[in-house]
Amino acid sequence: MAEEIKPTTVAKAPFKGYETAYYVYGELAQRKSLPLIGLHGGPGLVHGYLGNFGALFPDRVIILYDQLGNGNSTLLPKAPSTFWTVELFVEELANLISHLGLNSFDLIGHSWGGMLAAEATIRGALPGLRKLVIYSSLARMRNWDESVLNLLGTMDPELQNIFYEHEKAGTTDSPEYQEAVNTWREKVVVGFTPVPACILDVFAHAEKNPQVLETMYGLSEFECKGTLKSWDISDQLYKINVPTLSLRGQFDEASAECHRPFIENIKNVKHAIIKDAHHVAHLQFPETFAQIVQEFLL
């Protein structure tokens, strides 16, 4: 696994009276190629697990950030559920790009970050976007729910029963359920052991600051019950006009059906699958991941 390097710049951009924490790897003023902006998953997680991008793409300036309500950005635990919308995060991304003065850039979004990247592109919020990488993501939530349930069906029956019983009883905060979740994350989300510290940190943050995740996705590990439950942009993907890479792992939660709408509806799209990879291929097979992304971004 590629080692993380420390960001060159750590700063905050003002946004709607709040602040977006961002991290730049390299010098924007001295860049020789377009910067690459990375969008983390969730919603409700943090940028840290994408931290090896700086090492994976040493010839590029990498820009990561914590989306509002997460990490070192402004936390808003008392914000009403109506505050947390896709529109908010699209506006935040556009604001950060403007704050950094970027007229041209590439973009990679992982999981929820891919959903956000696609939404922002469809809405015309990213006029400087040159190329887009939709990584282990989805175009309609229904496909994600089906994919996750299919993967659950391959797990040990005893583990399945733990999930079903506790979710039915509303006892997802029980130690037994949490231990089962850890097993799921190890075997399905990550796909290798030990689970990297950056992944553990991401989920620890979500447990400490759960408001965005709970509102938009919900507490279930296997079904979206939040405001994104009926989310579907499959019929809007034709509006994406930039060259796009659809990238996923062979055993990804973001299954073939999750990525099918991207492949069928985006005009200029390439598709790649990383053999044996799960949901975080950049950590599991970093060299293969970097090679595929670099070749596309040339």
# chains A, B, ... in the order shown; residues from 1 in each chain; ligands from 1
call {"tool": "residues_around", "arguments": {"residues": "A:Thr288", "least_positions_apart": "5", "cutoff": "12 Å", "atoms": "only C-alpha atoms", "output": "tab-separated table (two decimals) with all heavy atoms, in the first residue's frame"}}
result
chain	number	residue	atom	x	y	z
A	1	MET	N	0.85	-1.20	0.00
A	1	MET	CA	0.00	0.00	0.00
A	1	MET	C	0.88	1.24	0.00
A	1	MET	O	1.79	1.35	0.82
A	1	MET	CB	-0.91	0.01	1.23
A	1	MET	CG	-1.87	1.17	1.30
A	1	MET	SD	-3.10	0.96	2.61
A	1	MET	CE	-2.06	0.93	4.07
A	2	ALA	N	0.62	2.17	-0.93
A	2	ALA	CA	1.42	3.38	-1.04
A	2	ALA	C	1.34	4.18	0.25
A	2	ALA	O	0.27	4.36	0.83
A	2	ALA	CB	0.95	4.22	-2.22
A	56	LEU	N	0.49	8.33	-4.86
A	56	LEU	CA	0.13	7.58	-6.07
A	56	LEU	C	0.26	8.43	-7.33
A	56	LEU	O	0.51	7.90	-8.42
A	56	LEU	CB	-1.30	7.05	-5.95
A	56	LEU	CG	-1.54	5.94	-4.93
A	56	LEU	CD1	-3.01	5.54	-4.93
A	56	LEU	CD2	-0.67	4.73	-5.23
A	247	LEU	N	-14.80	3.27	-12.94
A	247	LEU	CA	-13.79	2.38	-12.37
A	247	LEU	C	-14.33	1.72	-11.11
A	247	LEU	O	-14.86	2.39	-10.22
A	247	LEU	CB	-12.52	3.18	-12.04
A	247	LEU	CG	-11.38	2.44	-11.35
A	247	LEU	CD1	-10.83	1.32	-12.23
A	247	LEU	CD2	-10.27	3.42	-10.98
A	248	ARG	N	-14.20	0.40	-11.02
A	248	ARG	CA	-14.65	-0.32	-9.83
A	248	ARG	C	-13.81	-1.56	-9.60
A	248	ARG	O	-13.03	-1.98	-10.47
A	248	ARG	CB	-16.12	-0.73	-9.97
A	248	ARG	CG	-16.39	-1.76	-11.06
A	248	ARG	CD	-17.85	-2.16	-11.11
A	248	ARG	NE	-18.13	-3.12	-12.16
A	248	ARG	CZ	-18.04	-4.44	-12.04
A	248	ARG	NH1	-17.67	-4.96	-10.87
A	248	ARG	NH2	-18.31	-5.24	-13.04
A	249	GLY	N	-13.96	-2.16	-8.41
A	249	GLY	CA	-13.30	-3.41	-8.10
A	249	GLY	C	-14.14	-4.59	-8.52
A	249	GLY	O	-15.37	-4.51	-8.63
A	272	ALA	N	-13.33	0.36	-16.49
A	272	ALA	CA	-12.25	-0.53	-16.07
A	272	ALA	C	-12.63	-1.22	-14.77
A	272	ALA	O	-13.30	-0.62	-13.91
A	272	ALA	CB	-10.94	0.25	-15.90
A	273	ILE	N	-12.21	-2.47	-14.63
A	273	ILE	CA	-12.44	-3.26	-13.42
A	273	ILE	C	-11.09	-3.73	-12.90
A	273	ILE	O	-10.28	-4.27	-13.67
A	273	ILE	CB	-13.34	-4.48	-13.71
A	273	ILE	CG1	-14.69	-4.04	-14.27
A	273	ILE	CG2	-13.52	-5.32	-12.45
A	273	ILE	CD1	-15.53	-5.20	-14.77
A	274	ILE	N	-10.84	-3.52	-11.61
A	274	ILE	CA	-9.59	-3.96	-11.01
A	274	ILE	C	-9.80	-5.36	-10.42
A	274	ILE	O	-10.61	-5.54	-9.50
A	274	ILE	CB	-9.11	-2.97	-9.94
A	274	ILE	CG1	-8.83	-1.60	-10.59
A	274	ILE	CG2	-7.85	-3.49	-9.24
A	274	ILE	CD1	-8.37	-0.54	-9.63
A	275	LYS	N	-9.08	-6.32	-10.97
A	275	LYS	CA	-9.24	-7.72	-10.58
A	275	LYS	C	-8.99	-7.91	-9.08
A	275	LYS	O	-8.03	-7.37	-8.52
A	275	LYS	CB	-8.27	-8.59	-11.38
A	275	LYS	CG	-8.41	-10.07	-11.10
A	275	LYS	CD	-7.40	-10.88	-11.91
A	275	LYS	CE	-7.51	-12.36	-11.59
A	275	LYS	NZ	-6.52	-13.18	-12.34
A	276	ASP	N	-9.89	-8.66	-8.45
A	276	ASP	CA	-9.81	-9.05	-7.04
A	276	ASP	C	-10.02	-7.91	-6.07
A	276	ASP	O	-9.97	-8.12	-4.85
A	276	ASP	CB	-8.46	-9.73	-6.73
A	276	ASP	CG	-8.27	-11.05	-7.47
A	276	ASP	OD1	-9.28	-11.72	-7.74
A	276	ASP	OD2	-7.12	-11.39	-7.79
A	277	ALA	N	-10.27	-6.71	-6.56
A	277	ALA	CA	-10.40	-5.56	-5.67
A	277	ALA	C	-11.81	-5.45	-5.09
A	277	ALA	O	-12.79	-5.90	-5.70
A	277	ALA	CB	-10.06	-4.27	-6.41
A	281	ALA	N	-9.99	0.06	-3.81
A	281	ALA	CA	-8.91	-0.49	-4.63
A	281	ALA	C	-7.63	0.34	-4.52
A	281	ALA	O	-6.53	-0.20	-4.68
A	281	ALA	CB	-9.36	-0.56	-6.09
A	282	HIS	N	-7.75	1.63	-4.26
A	282	HIS	CA	-6.56	2.47	-4.15
A	282	HIS	C	-5.71	2.10	-2.95
A	282	HIS	O	-4.52	2.44	-2.89
A	282	HIS	CB	-6.95	3.95	-4.10
A	282	HIS	CG	-7.65	4.37	-2.85
A	282	HIS	ND1	-8.96	4.03	-2.59
A	282	HIS	CD2	-7.22	5.08	-1.78
A	282	HIS	CE1	-9.31	4.54	-1.41
A	282	HIS	NE2	-8.28	5.17	-0.90
A	283	LEU	N	-6.31	1.40	-1.98
A	283	LEU	CA	-5.56	0.90	-0.83
A	283	LEU	C	-5.18	-0.57	-1.00
A	283	LEU	O	-4.13	-1.00	-0.53
A	283	LEU	CB	-6.40	1.05	0.45
A	283	LEU	CG	-6.78	2.48	0.86
A	283	LEU	CD1	-7.72	2.45	2.06
A	283	LEU	CD2	-5.53	3.30	1.17
A	293	VAL	N	-5.77	5.03	-13.61
A	293	VAL	CA	-6.21	6.42	-13.53
A	293	VAL	C	-5.25	7.34	-14.28
A	293	VAL	O	-5.68	8.23	-15.02
A	293	VAL	CB	-6.34	6.87	-12.06
A	293	VAL	CG1	-6.65	8.35	-11.96
A	293	VAL	CG2	-7.46	6.07	-11.36
A	294	GLN	N	-3.95	7.13	-14.11
A	294	GLN	CA	-2.97	7.97	-14.80
A	294	GLN	C	-3.09	7.88	-16.32
A	294	GLN	O	-3.03	8.89	-17.02
A	294	GLN	CB	-1.55	7.58	-14.36
A	294	GLN	CG	-1.19	8.05	-12.95
A	294	GLN	CD	0.14	7.51	-12.49
A	294	GLN	OE1	0.56	6.41	-12.89
A	294	GLN	NE2	0.82	8.24	-11.63
A	295	GLU	N	-3.27	6.66	-16.82
A	295	GLU	CA	-3.39	6.49	-18.27
A	295	GLU	C	-4.64	7.20	-18.80
A	295	GLU	O	-4.61	7.77	-19.89
A	295	GLU	CB	-3.44	5.00	-18.62
A	295	GLU	CG	-2.10	4.31	-18.44
A	295	GLU	CD	-2.17	2.82	-18.75
A	295	GLU	OE1	-3.28	2.32	-19.04
A	295	GLU	OE2	-1.11	2.15	-18.72
call {"tool": "closest_atom_pairs", "arguments": {"of": "stretch 190-265 of chain A", "to": "stretch 165-172 of chain A", "cutoff": "12 Å", "atoms": "only C-alpha atoms", "output": "Markdown table"}}
result
| residue | atom | partner | partner_atom | distance |
| --- | --- | --- | --- | --- |
| A:Gly218 | CA | A:Thr172 | CA | 11.4 |
| A:Leu219 | CA | A:Thr172 | CA | 7.7 |
| A:Ser220 | CA | A:Glu167 | CA | 7.0 |
| A:Glu221 | CA | A:Glu167 | CA | 9.1 |
| A:Phe222 | CA | A:Glu167 | CA | 9.5 |
| A:Glu223 | CA | A:Glu167 | CA | 10.2 |
| A:Lys225 | CA | A:Glu167 | CA | 11.7 |
call {"tool": "select_by_dssp", "arguments": {"residues": "stretch 5-215 of chain A", "states": "strand (DSSP E)", "output": "PDB file with N, CA and C atoms, in the first residue's frame"}}
result
ATOM      1  N   THR A   9      -0.122  22.082   1.929  1.00  0.00           N
ATOM      2  CA  THR A   9      -0.960  23.168   2.450  1.00  0.00           C
ATOM      3  C   THR A   9      -2.176  22.586   3.140  1.00  0.00           C
ATOM      4  N   VAL A  10      -2.475  23.081   4.328  1.00  0.00           N
ATOM      5  CA  VAL A  10      -3.705  22.764   5.044  1.00  0.00           C
ATOM      6  C   VAL A  10      -4.368  24.096   5.370  1.00  0.00           C
ATOM      7  N   ALA A  11      -5.576  24.293   4.878  1.00  0.00           N
ATOM      8  CA  ALA A  11      -6.224  25.594   5.048  1.00  0.00           C
ATOM      9  C   ALA A  11      -7.744  25.412   5.041  1.00  0.00           C
ATOM     10  N   LYS A  12      -8.455  26.532   5.142  1.00  0.00           N
ATOM     11  CA  LYS A  12      -9.912  26.485   5.145  1.00  0.00           C
ATOM     12  C   LYS A  12     -10.466  27.553   4.209  1.00  0.00           C
ATOM     13  N   ALA A  13     -11.526  27.169   3.494  1.00  0.00           N
ATOM     14  CA  ALA A  13     -12.201  28.090   2.581  1.00  0.00           C
ATOM     15  C   ALA A  13     -13.543  28.495   3.181  1.00  0.00           C
ATOM     16  N   PRO A  14     -13.858  29.787   3.211  1.00  0.00           N
ATOM     17  CA  PRO A  14     -15.176  30.206   3.724  1.00  0.00           C
ATOM     18  C   PRO A  14     -16.288  29.736   2.811  1.00  0.00           C
ATOM     19  N   PHE A  15     -17.395  29.302   3.419  1.00  0.00           N
ATOM     20  CA  PHE A  15     -18.526  28.801   2.645  1.00  0.00           C
ATOM     21  C   PHE A  15     -19.812  29.011   3.438  1.00  0.00           C
ATOM     22  N   TYR A  18     -19.623  29.249   7.001  1.00  0.00           N
ATOM     23  CA  TYR A  18     -18.933  28.133   7.628  1.00  0.00           C
ATOM     24  C   TYR A  18     -17.558  27.996   6.979  1.00  0.00           C
ATOM     25  N   GLU A  19     -16.878  26.861   7.193  1.00  0.00           N
ATOM     26  CA  GLU A  19     -15.551  26.669   6.622  1.00  0.00           C
ATOM     27  C   GLU A  19     -15.378  25.239   6.099  1.00  0.00           C
ATOM     28  N   THR A  20     -14.735  25.135   4.942  1.00  0.00           N
ATOM     29  CA  THR A  20     -14.368  23.858   4.353  1.00  0.00           C
ATOM     30  C   THR A  20     -12.870  23.657   4.509  1.00  0.00           C
ATOM     31  N   ALA A  21     -12.473  22.625   5.231  1.00  0.00           N
ATOM     32  CA  ALA A  21     -11.055  22.312   5.400  1.00  0.00           C
ATOM     33  C   ALA A  21     -10.546  21.583   4.160  1.00  0.00           C
ATOM     34  N   TYR A  22      -9.414  22.055   3.616  1.00  0.00           N
ATOM     35  CA  TYR A  22      -8.856  21.397   2.442  1.00  0.00           C
ATOM     36  C   TYR A  22      -7.357  21.175   2.596  1.00  0.00           C
ATOM     37  N   TYR A  23      -6.861  20.247   1.764  1.00  0.00           N
ATOM     38  CA  TYR A  23      -5.491  19.766   1.885  1.00  0.00           C
ATOM     39  C   TYR A  23      -4.899  19.672   0.486  1.00  0.00           C
ATOM     40  N   VAL A  24      -3.788  20.367   0.265  1.00  0.00           N
ATOM     41  CA  VAL A  24      -3.155  20.394  -1.046  1.00  0.00           C
ATOM     42  C   VAL A  24      -1.811  19.684  -0.968  1.00  0.00           C
ATOM     43  N   TYR A  25      -1.613  18.732  -1.867  1.00  0.00           N
ATOM     44  CA  TYR A  25      -0.359  17.994  -1.957  1.00  0.00           C
ATOM     45  C   TYR A  25       0.382  18.499  -3.184  1.00  0.00           C
ATOM     46  N   LEU A  36      -5.654  17.498  -9.547  1.00  0.00           N
ATOM     47  CA  LEU A  36      -6.654  16.441  -9.427  1.00  0.00           C
ATOM     48  C   LEU A  36      -7.354  16.605  -8.084  1.00  0.00           C
ATOM     49  N   ILE A  37      -8.655  16.817  -8.129  1.00  0.00           N
ATOM     50  CA  ILE A  37      -9.462  16.980  -6.918  1.00  0.00           C
ATOM     51  C   ILE A  37     -10.094  15.643  -6.571  1.00  0.00           C
ATOM     52  N   GLY A  38      -9.982  15.224  -5.313  1.00  0.00           N
ATOM     53  CA  GLY A  38     -10.568  13.974  -4.861  1.00  0.00           C
ATOM     54  C   GLY A  38     -11.732  14.211  -3.917  1.00  0.00           C
ATOM     55  N   LEU A  39     -12.835  13.517  -4.168  1.00  0.00           N
ATOM     56  CA  LEU A  39     -14.038  13.641  -3.336  1.00  0.00           C
ATOM     57  C   LEU A  39     -14.228  12.361  -2.532  1.00  0.00           C
ATOM     58  N   ILE A  62      -2.528  17.336  -5.845  1.00  0.00           N
ATOM     59  CA  ILE A  62      -3.741  16.674  -5.365  1.00  0.00           C
ATOM     60  C   ILE A  62      -4.447  17.584  -4.373  1.00  0.00           C
ATOM     61  N   ILE A  63      -5.756  17.710  -4.531  1.00  0.00           N
ATOM     62  CA  ILE A  63      -6.563  18.517  -3.610  1.00  0.00           C
ATOM     63  C   ILE A  63      -7.640  17.630  -3.009  1.00  0.00           C
ATOM     64  N   LEU A  64      -7.619  17.496  -1.694  1.00  0.00           N
ATOM     65  CA  LEU A  64      -8.644  16.769  -0.957  1.00  0.00           C
ATOM     66  C   LEU A  64      -9.312  17.729   0.017  1.00  0.00           C
ATOM     67  N   TYR A  65     -10.499  17.378   0.467  1.00  0.00           N
ATOM     68  CA  TYR A  65     -11.153  18.218   1.467  1.00  0.00           C
ATOM     69  C   TYR A  65     -12.158  17.416   2.266  1.00  0.00           C
ATOM     70  N   PHE A 105      -9.175  21.542 -14.300  1.00  0.00           N
ATOM     71  CA  PHE A 105      -8.823  20.519 -13.325  1.00  0.00           C
ATOM     72  C   PHE A 105      -9.459  19.189 -13.731  1.00  0.00           C
ATOM     73  N   ASP A 106      -8.954  18.113 -13.128  1.00  0.00           N
ATOM     74  CA  ASP A 106      -9.570  16.800 -13.240  1.00  0.00           C
ATOM     75  C   ASP A 106     -10.197  16.459 -11.890  1.00  0.00           C
ATOM     76  N   LEU A 107     -11.127  15.499 -11.908  1.00  0.00           N
ATOM     77  CA  LEU A 107     -11.895  15.205 -10.697  1.00  0.00           C
ATOM     78  C   LEU A 107     -12.072  13.702 -10.556  1.00  0.00           C
ATOM     79  N   ILE A 108     -11.851  13.190  -9.336  1.00  0.00           N
ATOM     80  CA  ILE A 108     -12.129  11.783  -9.043  1.00  0.00           C
ATOM     81  C   ILE A 108     -12.990  11.710  -7.792  1.00  0.00           C
ATOM     82  N   GLY A 109     -14.111  11.006  -7.903  1.00  0.00           N
ATOM     83  CA  GLY A 109     -15.022  10.866  -6.779  1.00  0.00           C
ATOM     84  C   GLY A 109     -15.200   9.414  -6.421  1.00  0.00           C
ATOM     85  N   HIS A 110     -15.018   9.095  -5.134  1.00  0.00           N
ATOM     86  CA  HIS A 110     -15.138   7.715  -4.667  1.00  0.00           C
ATOM     87  C   HIS A 110     -16.454   7.502  -3.945  1.00  0.00           C
ATOM     88  N   LEU A 129     -13.947  21.610 -15.553  1.00  0.00           N
ATOM     89  CA  LEU A 129     -13.656  20.181 -15.493  1.00  0.00           C
ATOM     90  C   LEU A 129     -13.193  19.666 -16.849  1.00  0.00           C
ATOM     91  N   ARG A 130     -12.026  18.978 -16.852  1.00  0.00           N
ATOM     92  CA  ARG A 130     -11.492  18.390 -18.092  1.00  0.00           C
ATOM     93  C   ARG A 130     -11.845  16.913 -18.195  1.00  0.00           C
ATOM     94  N   LYS A 131     -11.526  16.116 -17.155  1.00  0.00           N
ATOM     95  CA  LYS A 131     -11.825  14.689 -17.164  1.00  0.00           C
ATOM     96  C   LYS A 131     -12.370  14.271 -15.804  1.00  0.00           C
ATOM     97  N   LEU A 132     -13.238  13.255 -15.825  1.00  0.00           N
ATOM     98  CA  LEU A 132     -13.945  12.813 -14.628  1.00  0.00           C
ATOM     99  C   LEU A 132     -13.711  11.320 -14.402  1.00  0.00           C
ATOM    100  N   VAL A 133     -13.376  10.947 -13.157  1.00  0.00           N
ATOM    101  CA  VAL A 133     -13.257   9.541 -12.774  1.00  0.00           C
ATOM    102  C   VAL A 133     -14.333   9.242 -11.733  1.00  0.00           C
ATOM    103  N   ILE A 134     -15.252   8.347 -12.088  1.00  0.00           N
ATOM    104  CA  ILE A 134     -16.297   7.898 -11.163  1.00  0.00           C
ATOM    105  C   ILE A 134     -15.858   6.542 -10.640  1.00  0.00           C
ATOM    106  N   TYR A 135     -15.452   6.522  -9.382  1.00  0.00           N
ATOM    107  CA  TYR A 135     -14.732   5.388  -8.805  1.00  0.00           C
ATOM    108  C   TYR A 135     -15.579   4.699  -7.729  1.00  0.00           C
TER     109      TYR A 135
END
call {"tool": "residues_around", "arguments": {"residues": "A:Ser98", "least_positions_apart": "5", "cutoff": "10 Å", "atoms": "only C-alpha atoms", "output": "VMD selection string"}}
result
chain A and resid 13 92 to 93 103 126
call {"tool": "residues_around", "arguments": {"residues": "A:Gln236", "least_positions_apart": "2", "cutoff": "9 Å", "atoms": "only C-alpha atoms", "output": "JSON, numbers by chain"}}
result
{"A": [119, 122, 232, 233, 234, 238, 239, 240, 265]}
call {"tool": "write_last_selection", "arguments": {"atoms": "all heavy atoms", "output": "PDB file, in the first residue's frame"}}
result
ATOM      1  N   GLU A 119     -23.319  14.449 -10.037  1.00  0.00           N
ATOM      2  CA  GLU A 119     -24.362  15.465  -9.826  1.00  0.00           C
ATOM      3  C   GLU A 119     -23.847  16.846 -10.205  1.00  0.00           C
ATOM      4  O   GLU A 119     -24.523  17.604 -10.918  1.00  0.00           O
ATOM      5  CB  GLU A 119     -24.802  15.479  -8.359  1.00  0.00           C
ATOM      6  CG  GLU A 119     -25.846  14.452  -8.006  1.00  0.00           C
ATOM      7  CD  GLU A 119     -27.271  14.980  -8.186  1.00  0.00           C
ATOM      8  OE1 GLU A 119     -27.453  16.045  -8.805  1.00  0.00           O
ATOM      9  OE2 GLU A 119     -28.199  14.309  -7.694  1.00  0.00           O
ATOM     10  N   ILE A 122     -23.479  17.157 -14.006  1.00  0.00           N
ATOM     11  CA  ILE A 122     -24.792  17.239 -14.642  1.00  0.00           C
ATOM     12  C   ILE A 122     -25.393  18.625 -14.481  1.00  0.00           C
ATOM     13  O   ILE A 122     -26.000  19.180 -15.408  1.00  0.00           O
ATOM     14  CB  ILE A 122     -25.733  16.174 -14.046  1.00  0.00           C
ATOM     15  CG1 ILE A 122     -25.337  14.775 -14.539  1.00  0.00           C
ATOM     16  CG2 ILE A 122     -27.193  16.453 -14.390  1.00  0.00           C
ATOM     17  CD1 ILE A 122     -26.013  13.647 -13.796  1.00  0.00           C
ATOM     18  N   ASP A 232     -31.644   9.087  -7.834  1.00  0.00           N
ATOM     19  CA  ASP A 232     -31.470   8.425  -9.126  1.00  0.00           C
ATOM     20  C   ASP A 232     -31.166   9.483 -10.179  1.00  0.00           C
ATOM     21  O   ASP A 232     -31.991  10.354 -10.450  1.00  0.00           O
ATOM     22  CB  ASP A 232     -32.746   7.652  -9.494  1.00  0.00           C
ATOM     23  CG  ASP A 232     -32.619   6.842 -10.776  1.00  0.00           C
ATOM     24  OD1 ASP A 232     -31.639   7.033 -11.523  1.00  0.00           O
ATOM     25  OD2 ASP A 232     -33.518   6.026 -11.041  1.00  0.00           O
ATOM     26  N   ILE A 233     -29.965   9.436 -10.751  1.00  0.00           N
ATOM     27  CA  ILE A 233     -29.602  10.387 -11.809  1.00  0.00           C
ATOM     28  C   ILE A 233     -29.362   9.669 -13.135  1.00  0.00           C
ATOM     29  O   ILE A 233     -28.797  10.247 -14.060  1.00  0.00           O
ATOM     30  CB  ILE A 233     -28.349  11.210 -11.436  1.00  0.00           C
ATOM     31  CG1 ILE A 233     -27.155  10.269 -11.142  1.00  0.00           C
ATOM     32  CG2 ILE A 233     -28.630  12.129 -10.255  1.00  0.00           C
ATOM     33  CD1 ILE A 233     -25.823  10.979 -11.073  1.00  0.00           C
ATOM     34  N   SER A 234     -29.788   8.426 -13.218  1.00  0.00           N
ATOM     35  CA  SER A 234     -29.492   7.634 -14.414  1.00  0.00           C
ATOM     36  C   SER A 234     -30.029   8.269 -15.691  1.00  0.00           C
ATOM     37  O   SER A 234     -29.412   8.156 -16.753  1.00  0.00           O
ATOM     38  CB  SER A 234     -30.029   6.213 -14.260  1.00  0.00           C
ATOM     39  OG  SER A 234     -31.419   6.212 -14.002  1.00  0.00           O
ATOM     40  N   TYR A 238     -26.707  11.661 -19.576  1.00  0.00           N
ATOM     41  CA  TYR A 238     -26.382  12.121 -20.932  1.00  0.00           C
ATOM     42  C   TYR A 238     -25.847  13.546 -20.934  1.00  0.00           C
ATOM     43  O   TYR A 238     -25.212  13.989 -21.898  1.00  0.00           O
ATOM     44  CB  TYR A 238     -27.614  12.019 -21.832  1.00  0.00           C
ATOM     45  CG  TYR A 238     -28.687  13.033 -21.537  1.00  0.00           C
ATOM     46  CD1 TYR A 238     -28.704  14.265 -22.193  1.00  0.00           C
ATOM     47  CD2 TYR A 238     -29.671  12.781 -20.584  1.00  0.00           C
ATOM     48  CE1 TYR A 238     -29.694  15.212 -21.919  1.00  0.00           C
ATOM     49  CE2 TYR A 238     -30.650  13.720 -20.305  1.00  0.00           C
ATOM     50  CZ  TYR A 238     -30.652  14.931 -20.970  1.00  0.00           C
ATOM     51  OH  TYR A 238     -31.627  15.868 -20.679  1.00  0.00           O
ATOM     52  N   LYS A 239     -26.073  14.270 -19.837  1.00  0.00           N
ATOM     53  CA  LYS A 239     -25.598  15.649 -19.734  1.00  0.00           C
ATOM     54  C   LYS A 239     -24.111  15.738 -19.415  1.00  0.00           C
ATOM     55  O   LYS A 239     -23.534  16.822 -19.467  1.00  0.00           O
ATOM     56  CB  LYS A 239     -26.399  16.391 -18.668  1.00  0.00           C
ATOM     57  CG  LYS A 239     -27.879  16.538 -18.990  1.00  0.00           C
ATOM     58  CD  LYS A 239     -28.618  17.270 -17.878  1.00  0.00           C
ATOM     59  CE  LYS A 239     -30.105  17.383 -18.192  1.00  0.00           C
ATOM     60  NZ  LYS A 239     -30.844  18.063 -17.080  1.00  0.00           N
ATOM     61  N   ILE A 240     -23.496  14.618 -19.055  1.00  0.00           N
ATOM     62  CA  ILE A 240     -22.056  14.612 -18.787  1.00  0.00           C
ATOM     63  C   ILE A 240     -21.327  14.535 -20.119  1.00  0.00           C
ATOM     64  O   ILE A 240     -21.390  13.520 -20.824  1.00  0.00           O
ATOM     65  CB  ILE A 240     -21.665  13.423 -17.882  1.00  0.00           C
ATOM     66  CG1 ILE A 240     -22.326  13.574 -16.500  1.00  0.00           C
ATOM     67  CG2 ILE A 240     -20.146  13.338 -17.744  1.00  0.00           C
ATOM     68  CD1 ILE A 240     -22.021  12.444 -15.542  1.00  0.00           C
ATOM     69  N   ASN A 265     -24.977   5.457 -20.571  1.00  0.00           N
ATOM     70  CA  ASN A 265     -25.601   6.763 -20.792  1.00  0.00           C
ATOM     71  C   ASN A 265     -24.646   7.937 -20.926  1.00  0.00           C
ATOM     72  O   ASN A 265     -25.073   9.014 -21.354  1.00  0.00           O
ATOM     73  CB  ASN A 265     -26.591   7.055 -19.666  1.00  0.00           C
ATOM     74  CG  ASN A 265     -27.745   6.080 -19.644  1.00  0.00           C
ATOM     75  OD1 ASN A 265     -28.556   6.022 -20.556  1.00  0.00           O
ATOM     76  ND2 ASN A 265     -27.814   5.271 -18.580  1.00  0.00           N
TER      77      ASN A 265
END
call {"tool": "residues_around", "arguments": {"residues": "stretch 74-89 of chain A", "least_positions_apart": "5", "cutoff": "10 Å", "atoms": "only C-alpha atoms", "output": "NGL selection string"}}
result
:A and (12 or 14-21 or 43 or 66-69 or 94-95 or 113 or 115-117 or 119-120 or 123 or 209-216 or 226-228 or 231)
call {"tool": "residues_around", "arguments": {"residues": "A:Ser111", "least_positions_apart": "6", "cutoff": "7 Å", "atoms": "only C-alpha atoms", "output": "PyMOL selection string"}}
result
chain A and resi 41+135-137
call {"tool": "write_last_selection", "arguments": {"atoms": "C-alpha atoms", "output": "PDB file, in the first residue's frame"}}
result
ATOM      1  CA  GLY A  41     -17.248   8.921   0.308  1.00  0.00           C
ATOM      2  CA  TYR A 135     -14.732   5.388  -8.805  1.00  0.00           C
ATOM      3  CA  SER A 136     -16.668   2.613  -7.031  1.00  0.00           C
ATOM      4  CA  SER A 137     -19.889   4.569  -7.192  1.00  0.00           C
TER       5      SER A 137
END
call {"tool": "closest_residue", "arguments": {"among": "A:Ile292, A:Leu200, A:Val90, A:Val148", "to": "A:Leu245", "atoms": "only C-alpha atoms"}}
result
A:Ile292
call {"tool": "residues_around", "arguments": {"residues": "A:Glu27", "least_positions_apart": "6", "cutoff": "10 Å", "atoms": "only C-alpha atoms", "output": "ChimeraX atom specification"}}
result
/A:7-9,35,60-62
call {"tool": "select_by_dssp", "arguments": {"residues": "stretch 84-226 of chain A", "states": "helix (DSSP H, G or I)", "output": "ChimeraX atom specification"}}
result
/A:86-100,112-122,141-152,157-169,175-190,197-208,211-216
call {"tool": "closest_residue", "arguments": {"among": "A:Val46, A:Ala206, A:Val188, A:Ala290", "to": "A:Gly153", "atoms": "only C-alpha atoms"}}
result
A:Val188
call {"tool": "atom_distance", "arguments": {"atom1": "atom CA of A:Ala204", "atom2": "atom CA of A:Trp112"}}
result
17.8 Å
call {"tool": "closest_residue", "arguments": {"among": "A:Ile266, A:Leu149, A:Ala180, A:Leu50", "to": "A:Phe163", "atoms": "only C-alpha atoms"}}
result
A:Ala180
call {"tool": "closest_residue", "arguments": {"among": "A:Phe296, A:Ala118, A:Glu287, A:Glu176", "to": "A:Phe53", "atoms": "only C-alpha atoms"}}
result
A:Glu287
